[in-house]
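Below is model_6.txt, which holds compact mmCIF, C-alpha atoms (C1' of nucleotides).
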```
# COMPACT_ATOMS: atom_id res chain seq x y z
CA MET B 1 4.29 -6.90 -9.26
CA LYS B 2 6.01 -4.52 -6.88
CA TRP B 3 5.75 -0.80 -7.13
CA SER B 4 9.47 -0.34 -7.74
CA GLU B 5 9.15 -2.43 -10.88
CA LEU B 6 6.82 0.19 -12.28
CA SER B 7 9.69 2.60 -12.91
CA ASP B 8 10.56 0.94 -16.21
CA ASN B 9 7.04 0.36 -17.39
CA TRP B 10 6.25 1.28 -21.00
CA CYS B 11 3.55 3.63 -19.74
CA PRO B 12 4.56 7.10 -18.62
CA VAL B 13 1.66 7.25 -16.16
CA ALA B 14 2.95 4.08 -14.48
CA ARG B 15 6.46 5.48 -14.33
CA THR B 16 5.15 8.65 -12.73
CA LEU B 17 3.20 6.61 -10.21
CA SER B 18 6.30 4.62 -9.33
CA VAL B 19 7.50 7.80 -7.63
CA VAL B 20 4.42 9.73 -6.54
CA GLY B 21 1.81 6.98 -6.56
CA ASP B 22 0.99 6.82 -2.91
CA ARG B 23 -1.14 9.03 -0.77
CA TRP B 24 1.56 10.21 1.60
CA THR B 25 3.94 11.31 -1.12
CA LEU B 26 1.23 13.33 -2.78
CA LEU B 27 0.29 14.90 0.55
CA ILE B 28 3.88 16.00 1.01
CA LEU B 29 3.71 17.67 -2.39
CA ARG B 30 0.45 19.34 -1.44
CA ASP B 31 2.16 20.79 1.62
CA CYS B 32 5.04 22.02 -0.51
CA TYR B 33 2.62 23.81 -2.82
CA LEU B 34 1.11 25.40 0.29
CA GLY B 35 4.51 26.76 1.20
CA LYS B 36 5.60 24.27 3.84
CA SER B 37 9.15 22.97 3.83
CA LYS B 38 10.04 21.60 7.25
CA PHE B 39 9.91 18.04 8.53
CA GLU B 40 7.76 19.00 11.50
CA GLU B 41 5.39 20.97 9.29
CA PHE B 42 4.82 18.00 7.03
CA ALA B 43 4.42 15.66 9.96
CA GLU B 44 1.84 17.79 11.69
CA SER B 45 -0.08 18.84 8.62
CA SER B 46 -0.50 15.47 7.00
CA GLY B 47 -0.83 13.23 10.04
CA MET B 48 1.60 10.68 8.67
CA THR B 49 4.13 9.00 10.93
CA ARG B 50 7.65 10.42 11.11
CA HIS B 51 8.93 7.05 9.98
CA ILE B 52 7.08 7.14 6.70
CA LEU B 53 7.68 10.84 6.24
CA ALA B 54 11.45 10.42 6.47
CA GLU B 55 11.32 7.60 3.97
CA ARG B 56 9.22 9.52 1.47
CA LEU B 57 11.30 12.67 1.73
CA LYS B 58 14.42 10.65 1.02
CA ARG B 59 12.81 9.20 -2.04
CA LEU B 60 11.56 12.54 -3.31
CA VAL B 61 15.06 13.96 -2.97
CA GLU B 62 16.59 10.98 -4.78
CA GLU B 63 14.15 11.50 -7.59
CA GLY B 64 14.95 15.18 -7.89
CA ILE B 65 11.47 16.35 -6.97
CA LEU B 66 12.56 18.00 -3.73
CA GLU B 67 15.89 19.42 -2.72
CA ARG B 68 17.28 19.00 0.80
CA ARG B 69 18.57 22.34 1.92
CA LEU B 70 20.65 23.30 4.95
CA TYR B 71 18.83 26.20 6.52
CA SER B 72 20.64 26.31 9.85
CA SER B 73 24.21 25.25 10.42
CA ALA B 74 24.27 25.10 14.23
CA PRO B 75 22.44 23.01 15.00
CA LYS B 76 22.32 21.47 11.53
CA ARG B 77 18.83 21.61 10.19
CA TYR B 78 17.54 20.74 6.77
CA ASP B 79 14.33 21.51 5.00
CA TYR B 80 12.87 20.54 1.66
CA VAL B 81 12.08 22.72 -1.32
CA LEU B 82 10.51 21.93 -4.67
CA THR B 83 12.69 21.67 -7.75
CA GLU B 84 11.38 22.68 -11.15
CA LYS B 85 10.62 19.00 -11.75
CA GLY B 86 8.53 19.02 -8.59
CA GLU B 87 6.78 22.22 -9.55
CA GLU B 88 5.60 20.61 -12.75
CA LEU B 89 3.36 18.21 -10.84
CA ARG B 90 1.44 21.07 -9.31
CA PRO B 91 -1.30 21.07 -11.98
CA ALA B 92 -2.13 17.44 -11.21
CA LEU B 93 -2.72 18.29 -7.57
CA ARG B 94 -4.80 21.28 -8.58
CA ILE B 95 -7.10 19.01 -10.53
CA MET B 96 -7.39 16.69 -7.54
CA LYS B 97 -8.23 19.66 -5.36
CA ASP B 98 -11.03 20.79 -7.68
CA TRP B 99 -12.28 17.24 -8.03
CA GLY B 100 -12.30 16.74 -4.29
CA ARG B 101 -14.22 19.95 -3.71
CA LYS B 102 -16.82 18.93 -6.23
CA HIS B 103 -17.17 15.21 -5.58
CA MET B 104 -15.98 14.51 -2.06
CA PRO B 105 -17.90 16.67 0.38
CA VAL B 106 -16.91 16.34 4.01
CA ARG B 107 -19.25 13.83 5.64
CA ARG B 108 -18.52 14.28 9.32
CA GLU B 109 -16.85 17.15 11.09
CA ALA B 110 -13.59 18.20 9.48
CA LYS B 111 -10.46 16.96 11.21
CA ALA B 112 -7.00 18.44 11.19
CA MET Q 1 -3.19 8.04 10.56
CA LYS Q 2 -4.90 5.52 8.34
CA TRP Q 3 -5.86 6.20 4.79
CA SER Q 4 -9.56 5.77 5.42
CA GLU Q 5 -9.43 8.62 7.91
CA LEU Q 6 -8.42 10.91 5.08
CA SER Q 7 -11.93 10.95 3.65
CA ASP Q 8 -13.05 13.61 6.09
CA ASN Q 9 -9.95 15.72 5.99
CA TRP Q 10 -10.40 19.47 5.64
CA CYS Q 11 -8.29 19.38 2.49
CA PRO Q 12 -9.96 18.43 -0.78
CA VAL Q 13 -6.71 16.97 -2.12
CA ALA Q 14 -6.54 14.63 0.87
CA ARG Q 15 -10.16 13.61 0.38
CA THR Q 16 -9.48 12.86 -3.26
CA LEU Q 17 -6.45 10.81 -2.31
CA SER Q 18 -8.50 8.81 0.17
CA VAL Q 19 -10.11 7.23 -2.88
CA VAL Q 20 -7.58 7.34 -5.70
CA GLY Q 21 -4.37 7.83 -3.76
CA ASP Q 22 -2.64 4.58 -4.52
CA ARG Q 23 -0.83 3.41 -7.58
CA TRP Q 24 -3.08 0.50 -8.46
CA THR Q 25 -6.26 2.52 -8.34
CA LEU Q 26 -4.77 5.12 -10.63
CA LEU Q 27 -3.55 2.43 -13.01
CA ILE Q 28 -7.09 1.07 -13.22
CA LEU Q 29 -8.26 4.53 -14.18
CA ARG Q 30 -5.51 4.78 -16.78
CA ASP Q 31 -6.76 1.55 -18.31
CA CYS Q 32 -10.30 2.86 -18.33
CA TYR Q 33 -9.18 5.97 -20.17
CA LEU Q 34 -7.49 3.64 -22.68
CA GLY Q 35 -10.82 1.94 -23.29
CA LYS Q 36 -10.45 -1.16 -21.16
CA SER Q 37 -13.32 -2.33 -19.03
CA LYS Q 38 -12.89 -6.00 -18.16
CA PHE Q 39 -11.39 -7.59 -15.07
CA GLU Q 40 -8.96 -9.67 -17.11
CA GLU Q 41 -7.90 -6.66 -19.14
CA PHE Q 42 -7.05 -4.69 -16.03
CA ALA Q 43 -5.24 -7.63 -14.49
CA GLU Q 44 -3.09 -8.26 -17.51
CA SER Q 45 -2.38 -4.68 -18.41
CA SER Q 46 -1.38 -3.40 -15.01
CA GLY Q 47 0.33 -6.45 -13.54
CA MET Q 48 -1.50 -6.13 -10.25
CA THR Q 49 -2.76 -9.21 -8.46
CA ARG Q 50 -6.39 -10.24 -8.94
CA HIS Q 51 -6.79 -9.95 -5.21
CA ILE Q 52 -5.94 -6.26 -5.13
CA LEU Q 53 -7.73 -5.58 -8.38
CA ALA Q 54 -11.01 -6.96 -7.05
CA GLU Q 55 -10.66 -4.88 -3.93
CA ARG Q 56 -9.94 -1.67 -5.80
CA LEU Q 57 -12.73 -2.15 -8.30
CA LYS Q 58 -15.18 -2.62 -5.45
CA ARG Q 59 -14.01 0.60 -3.90
CA LEU Q 60 -14.18 2.54 -7.15
CA VAL Q 61 -17.75 1.35 -7.65
CA GLU Q 62 -18.72 2.27 -4.09
CA GLU Q 63 -17.33 5.73 -4.66
CA GLY Q 64 -19.23 6.18 -7.90
CA ILE Q 65 -16.16 6.47 -10.07
CA LEU Q 66 -16.85 3.26 -11.98
CA GLU Q 67 -20.09 1.49 -12.67
CA ARG Q 68 -20.38 -2.30 -12.60
CA ARG Q 69 -22.30 -3.35 -15.65
CA LEU Q 70 -23.74 -6.72 -16.61
CA TYR Q 71 -22.55 -7.37 -20.12
CA SER Q 72 -23.44 -11.05 -20.39
CA SER Q 73 -26.28 -12.74 -18.57
CA ALA Q 74 -25.35 -16.38 -19.13
CA PRO Q 75 -22.82 -16.83 -17.76
CA LYS Q 76 -23.11 -13.69 -15.69
CA ARG Q 77 -20.25 -11.37 -16.46
CA TYR Q 78 -19.67 -7.85 -15.33
CA ASP Q 79 -17.36 -5.13 -16.54
CA TYR Q 80 -16.57 -1.66 -15.35
CA VAL Q 81 -17.21 1.66 -17.04
CA LEU Q 82 -16.36 5.20 -16.06
CA THR Q 83 -19.04 7.46 -14.68
CA GLU Q 84 -18.98 11.20 -15.31
CA LYS Q 85 -17.34 11.55 -11.90
CA GLY Q 86 -14.64 9.18 -13.03
CA GLU Q 87 -14.19 10.96 -16.34
CA GLU Q 88 -13.42 14.15 -14.48
CA LEU Q 89 -10.19 12.72 -13.15
CA ARG Q 90 -8.86 12.17 -16.64
CA PRO Q 91 -6.99 15.51 -16.80
CA ALA Q 92 -4.97 14.58 -13.72
CA LEU Q 93 -3.77 11.40 -15.38
CA ARG Q 94 -2.96 13.33 -18.53
CA ILE Q 95 -0.65 15.57 -16.56
CA MET Q 96 1.02 12.55 -15.00
CA LYS Q 97 1.48 11.08 -18.47
CA ASP Q 98 3.17 14.24 -19.76
CA TRP Q 99 5.27 14.52 -16.63
CA GLY Q 100 6.38 10.90 -16.89
CA ARG Q 101 7.33 11.30 -20.52
CA LYS Q 102 9.41 14.34 -19.72
CA HIS Q 103 10.97 13.39 -16.39
CA MET Q 104 10.97 9.61 -16.14
CA PRO Q 105 12.72 8.13 -19.16
CA VAL Q 106 12.81 4.35 -19.32
CA ARG Q 107 16.11 3.20 -17.87
CA ARG Q 108 16.23 -0.46 -18.85
CA GLU Q 109 14.30 -2.26 -21.53
CA ALA Q 110 10.59 -1.59 -21.40
CA LYS Q 111 8.50 -4.26 -19.74
CA ALA Q 112 4.88 -5.13 -20.30
C1' DC X 1 22.27 22.34 34.08
C1' DC X 2 17.88 21.38 32.72
C1' DA X 3 14.03 21.91 29.47
C1' DT X 4 13.07 22.68 24.65
C1' DT X 5 13.33 22.40 19.60
C1' DA X 6 13.97 20.00 15.26
C1' DA X 7 15.12 16.25 12.39
C1' DG X 8 15.33 12.20 12.20
C1' DT X 9 15.89 6.67 13.85
C1' DT X 10 14.48 2.52 16.24
C1' DT X 11 11.34 -0.81 17.95
C1' DT X 12 7.33 -3.63 18.13
C1' DG X 13 3.07 -5.24 16.70
C1' DT X 14 -0.66 -4.91 13.18
C1' DT X 15 -2.29 -4.43 8.41
C1' DT X 16 -1.75 -4.74 3.63
C1' DT X 17 0.15 -6.80 -0.23
C1' DG X 18 2.03 -10.38 -3.53
C1' DG X 19 1.75 -14.78 -5.58
C1' DA X 20 -0.42 -18.65 -6.71
C1' DA X 21 -4.05 -21.90 -6.50
C1' DC X 22 -8.95 -22.57 -6.30
C1' DT X 23 -14.22 -21.71 -7.37
C1' DT X 24 -18.37 -21.04 -10.09
C1' DA X 25 -21.10 -20.89 -14.10
C1' DT X 26 -21.54 -21.57 -18.85
C1' DG X 27 -20.43 -22.64 -23.74
C1' DG X 28 -18.20 -25.17 -27.40
C1' DC X 29 -16.87 -29.34 -29.29
C1' DA X 30 -15.56 -34.16 -30.22
C1' DT J 1 -21.95 -37.17 -22.68
C1' DG J 2 -17.66 -35.74 -20.92
C1' DC J 3 -14.09 -32.42 -20.92
C1' DC J 4 -11.55 -28.24 -21.85
C1' DA J 5 -11.74 -23.22 -22.03
C1' DT J 6 -13.20 -18.60 -20.44
C1' DA J 7 -14.10 -14.92 -17.16
C1' DA J 8 -14.70 -12.96 -12.77
C1' DG J 9 -13.74 -13.36 -8.86
C1' DT J 10 -12.17 -15.71 -3.81
C1' DT J 11 -9.03 -17.97 -0.62
C1' DC J 12 -4.68 -18.94 1.54
C1' DC J 13 -0.19 -17.94 3.34
C1' DA J 14 4.22 -15.71 3.64
C1' DA J 15 6.54 -11.29 2.97
C1' DA J 16 6.58 -6.43 3.01
C1' DA J 17 4.79 -2.04 4.50
C1' DC J 18 2.82 0.62 7.99
C1' DA J 19 1.29 2.89 12.69
C1' DA J 20 2.36 4.37 17.09
C1' DA J 21 5.29 5.69 20.34
C1' DA J 22 9.72 6.10 22.40
C1' DC J 23 14.43 7.32 21.69
C1' DT J 24 18.69 10.05 19.75
C1' DT J 25 21.55 13.99 18.69
C1' DA J 26 22.99 18.64 18.81
C1' DA J 27 22.49 23.12 20.10
C1' DT J 28 19.94 27.07 22.54
C1' DG J 29 17.70 29.75 26.15
C1' DG J 30 16.55 30.51 30.89
```

Re-express the file's structure as structure tokens.
Amino acid sequence: MKWSELSDNWCPVARTLSVVGDRWTLLILRDCYLGKSKFEEFAESSGMTRHILAERLKRLVEEGILERRLYSSAPKRYDYVLTEKGEELRPALRIMKDWGRKHMPVRREAKA
Amino acid sequence: MKWSELSDNWCPVARTLSVVGDRWTLLILRDCYLGKSKFEEFAESSGMTRHILAERLKRLVEEGILERRLYSSAPKRYDYVLTEKGEELRPALRIMKDWGRKHMPVRREAKA
DNA sequence: CCATTAAGTTTTGTTTTGGAACTTATGGCA
DNA sequence: TGCCATAAGTTCCAAAACAAAACTTAATGG
């Protein structure tokens, strides 16, 4: 089964995962909750490739989780801000943060 | 950056995602919270391939989120049960369930 | 007029995934 | 005895996703 087929699953968890169920998408959301909004900020902070980042941002916008906003008209520049729908996932990330702190100590030196 | 490199990230969310940050892994956890424990149950319920399922279960056991338990000695059969560490992720899935119910209505007919 | 910034896009090669068949060990049953 | 079923995986191959790095576009500042 492909991930896109999950969007009509009977289970609401599966439907949620059809949108945010990969690590990069959730890292973008983390960055949003930390106040980031720009393409370059996401790219640098998360370490994902620009290729994947562009793809995930597009998807998050299509799903109404982020909104693409013109923040400079010359040259045209867009950034990404959370919608209310996107805000409502924040508690899930908070739980993952607490869980990570408790159960996933850093083994080697911390990397960016 | 590869997903395995996330396990030593400074951010606890990223470290958490290095283990549970893909849709299939989270669907296995969902099934566990629903009371399932057997390989065949996971395979049928989630629609993932046995190949991926085996790989994810191994990882979840290595990370101490599930425990592999001998439940029949002849023939030897194992199933998988949540540890306390695994239980502590349940609230995150609950939020995803609520979010999915609210924001991801089923578009076509529901599938298994 | 040349370097820089920012948001992407393209290209190429590697890795992961999906799908389906196969394996192993045992038990039931005719 | 021989044979089918069950359960937990493993193996194989083609298709899709991903990583890394270079390239594009449009404007700005020196």

Quick check: residues of chain B within 7 Å of chain Q, all atoms listed in the file, returned as JSON, numbers by chain. {"B": [1, 8, 9, 10, 12, 13, 14, 15, 16, 17, 21, 22, 23, 27, 47, 48, 92, 93, 95, 96, 97, 100, 101, 104, 106, 107, 108, 110, 111, 112]}

Could you produce a table of the residues of chain B lying within 12 Å of chain X, with the nearest pair of atoms per residue and their separation in Å rounded to one decimal, using only C-alpha atoms (C1' of nucleotides), ordered by chain and increasing residue number, as a Markdown table?
```
| residue | atom | partner | partner_atom | distance |
| --- | --- | --- | --- | --- |
| B:Met1 | CA | X:DG18 | C1' | 7.1 |
| B:Lys2 | CA | X:DG18 | C1' | 7.8 |
| B:Trp3 | CA | X:DT17 | C1' | 10.7 |
| B:Lys38 | CA | X:DA7 | C1' | 9.0 |
| B:Phe39 | CA | X:DA7 | C1' | 6.7 |
| B:Glu40 | CA | X:DA6 | C1' | 7.3 |
| B:Glu41 | CA | X:DA6 | C1' | 10.5 |
| B:Phe42 | CA | X:DA7 | C1' | 11.7 |
| B:Ala43 | CA | X:DA7 | C1' | 11.0 |
| B:Thr49 | CA | X:DG8 | C1' | 11.7 |
| B:Arg50 | CA | X:DG8 | C1' | 8.0 |
| B:His51 | CA | X:DT9 | C1' | 8.0 |
| B:Ile52 | CA | X:DG8 | C1' | 11.1 |
| B:Leu53 | CA | X:DG8 | C1' | 9.8 |
| B:Ala54 | CA | X:DG8 | C1' | 7.1 |
| B:Glu55 | CA | X:DG8 | C1' | 10.2 |
| B:Leu57 | CA | X:DG8 | C1' | 11.2 |
| B:Lys58 | CA | X:DG8 | C1' | 11.3 |
| B:Leu70 | CA | X:DA7 | C1' | 11.6 |
| B:Tyr71 | CA | X:DA6 | C1' | 11.8 |
| B:Ser72 | CA | X:DA6 | C1' | 10.7 |
| B:Ala74 | CA | X:DA6 | C1' | 11.5 |
| B:Pro75 | CA | X:DA6 | C1' | 9.0 |
| B:Lys76 | CA | X:DA7 | C1' | 8.9 |
| B:Arg77 | CA | X:DA7 | C1' | 6.9 |
| B:Tyr78 | CA | X:DA7 | C1' | 7.6 |
| B:Asp79 | CA | X:DA7 | C1' | 9.1 |
| B:Tyr80 | CA | X:DA7 | C1' | 11.8 |
```

Just give me the gap between atom C1' of J:DC4 and atom CA of Q:Arg69 in Å, one decimal is fine.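 According to the coordinates, atom C1' of J:DC4 and atom CA of Q:Arg69 are separated by 27.8 Å.
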
Kindly compute an axis-aligned box around the listed atoms of stretch 71-89 of chain Q, allowing 6 Å on each side, and express its centre and edge lengths in Å to one decimal as JSON.
```
{"center_x": -18.2, "center_y": -1.3, "center_z": -16.1, "size_x": 28.1, "size_y": 43.0, "size_z": 20.5}
```

Find the distance between atom CA of B:Leu82 and atom CA of B:Ser4 and write it in Å to one decimal.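 Atom-to-atom, atom CA of B:Leu82 to atom CA of B:Ser4, that is 22.5 Å.
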
Post-fit chain Q coords, all in-order Cα pairs vs chain B, as a tab-separated table (two decimals) with C-alpha atoms, in the frame of the given file:
```
chain	number	residue	atom	x	y	z
Q	1	MET	CA	4.26	-6.85	-9.27
Q	2	LYS	CA	6.01	-4.54	-6.87
Q	3	TRP	CA	5.80	-0.81	-7.06
Q	4	SER	CA	9.50	-0.36	-7.70
Q	5	GLU	CA	9.18	-2.43	-10.85
Q	6	LEU	CA	6.86	0.23	-12.23
Q	7	SER	CA	9.73	2.63	-12.86
Q	8	ASP	CA	10.60	0.96	-16.13
Q	9	ASN	CA	7.09	0.38	-17.35
Q	10	TRP	CA	6.32	1.28	-20.95
Q	11	CYS	CA	3.61	3.63	-19.73
Q	12	PRO	CA	4.60	7.12	-18.60
Q	13	VAL	CA	1.69	7.25	-16.15
Q	14	ALA	CA	2.98	4.09	-14.47
Q	15	ARG	CA	6.49	5.51	-14.31
Q	16	THR	CA	5.16	8.67	-12.72
Q	17	LEU	CA	3.21	6.63	-10.21
Q	18	SER	CA	6.31	4.66	-9.30
Q	19	VAL	CA	7.49	7.84	-7.60
Q	20	VAL	CA	4.41	9.78	-6.53
Q	21	GLY	CA	1.80	7.04	-6.58
Q	22	ASP	CA	0.96	6.87	-2.92
Q	23	ARG	CA	-1.14	9.10	-0.76
Q	24	TRP	CA	1.57	10.26	1.61
Q	25	THR	CA	3.94	11.33	-1.12
Q	26	LEU	CA	1.22	13.36	-2.77
Q	27	LEU	CA	0.29	14.94	0.55
Q	28	ILE	CA	3.90	16.03	1.00
Q	29	LEU	CA	3.72	17.69	-2.39
Q	30	ARG	CA	0.46	19.37	-1.43
Q	31	ASP	CA	2.17	20.81	1.62
Q	32	CYS	CA	5.04	22.03	-0.50
Q	33	TYR	CA	2.64	23.81	-2.81
Q	34	LEU	CA	1.13	25.41	0.30
Q	35	GLY	CA	4.54	26.78	1.21
Q	36	LYS	CA	5.64	24.29	3.83
Q	37	SER	CA	9.17	22.98	3.81
Q	38	LYS	CA	10.07	21.60	7.23
Q	39	PHE	CA	9.93	18.04	8.51
Q	40	GLU	CA	7.78	19.01	11.49
Q	41	GLU	CA	5.41	20.98	9.29
Q	42	PHE	CA	4.84	18.01	7.02
Q	43	ALA	CA	4.42	15.67	9.96
Q	44	GLU	CA	1.86	17.82	11.68
Q	45	SER	CA	-0.07	18.88	8.64
Q	46	SER	CA	-0.51	15.51	7.01
Q	47	GLY	CA	-0.83	13.25	10.04
Q	48	MET	CA	1.60	10.71	8.64
Q	49	THR	CA	4.11	9.03	10.91
Q	50	ARG	CA	7.64	10.44	11.08
Q	51	HIS	CA	8.87	7.06	9.98
Q	52	ILE	CA	7.02	7.16	6.67
Q	53	LEU	CA	7.65	10.85	6.21
Q	54	ALA	CA	11.42	10.40	6.45
Q	55	GLU	CA	11.27	7.59	3.96
Q	56	ARG	CA	9.20	9.52	1.45
Q	57	LEU	CA	11.28	12.66	1.70
Q	58	LYS	CA	14.40	10.63	0.99
Q	59	ARG	CA	12.77	9.19	-2.08
Q	60	LEU	CA	11.54	12.55	-3.33
Q	61	VAL	CA	15.05	13.94	-2.99
Q	62	GLU	CA	16.58	10.96	-4.80
Q	63	GLU	CA	14.14	11.49	-7.62
Q	64	GLY	CA	14.94	15.18	-7.89
Q	65	ILE	CA	11.48	16.36	-6.98
Q	66	LEU	CA	12.57	18.00	-3.74
Q	67	GLU	CA	15.90	19.41	-2.73
Q	68	ARG	CA	17.30	18.99	0.78
Q	69	ARG	CA	18.61	22.32	1.90
Q	70	LEU	CA	20.68	23.27	4.93
Q	71	TYR	CA	18.88	26.16	6.52
Q	72	SER	CA	20.71	26.25	9.84
Q	73	SER	CA	24.29	25.17	10.39
Q	74	ALA	CA	24.35	25.00	14.18
Q	75	PRO	CA	22.50	22.90	14.97
Q	76	LYS	CA	22.37	21.39	11.52
Q	77	ARG	CA	18.86	21.55	10.18
Q	78	TYR	CA	17.58	20.71	6.76
Q	79	ASP	CA	14.35	21.49	4.99
Q	80	TYR	CA	12.90	20.54	1.66
Q	81	VAL	CA	12.09	22.72	-1.32
Q	82	LEU	CA	10.52	21.95	-4.66
Q	83	THR	CA	12.68	21.70	-7.74
Q	84	GLU	CA	11.37	22.72	-11.15
Q	85	LYS	CA	10.62	19.04	-11.74
Q	86	GLY	CA	8.53	19.03	-8.60
Q	87	GLU	CA	6.76	22.25	-9.54
Q	88	GLU	CA	5.59	20.63	-12.74
Q	89	LEU	CA	3.36	18.24	-10.84
Q	90	ARG	CA	1.42	21.09	-9.31
Q	91	PRO	CA	-1.33	21.08	-11.98
Q	92	ALA	CA	-2.14	17.45	-11.20
Q	93	LEU	CA	-2.73	18.30	-7.56
Q	94	ARG	CA	-4.84	21.27	-8.58
Q	95	ILE	CA	-7.13	18.98	-10.51
Q	96	MET	CA	-7.39	16.65	-7.54
Q	97	LYS	CA	-8.26	19.63	-5.35
Q	98	ASP	CA	-11.07	20.73	-7.68
Q	99	TRP	CA	-12.30	17.17	-8.03
Q	100	GLY	CA	-12.33	16.66	-4.27
Q	101	ARG	CA	-14.24	19.87	-3.71
Q	102	LYS	CA	-16.85	18.85	-6.24
Q	103	HIS	CA	-17.17	15.12	-5.60
Q	104	MET	CA	-16.00	14.44	-2.06
Q	105	PRO	CA	-17.94	16.61	0.37
Q	106	VAL	CA	-16.96	16.30	4.01
Q	107	ARG	CA	-19.30	13.81	5.64
Q	108	ARG	CA	-18.58	14.27	9.33
Q	109	GLU	CA	-16.95	17.18	11.08
Q	110	ALA	CA	-13.70	18.23	9.50
Q	111	LYS	CA	-10.57	16.96	11.19
Q	112	ALA	CA	-7.12	18.47	11.23
```

Return as an MDAnalysis selection string the residues belonging to chain J that are within 9 Å of chain Q, counting all atoms listed in the file. chainID J and resid 7:10 19

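When atom CA of B:Glu62 is paired with atom CA of B:Lys36, their separation reads 19.3 Å.
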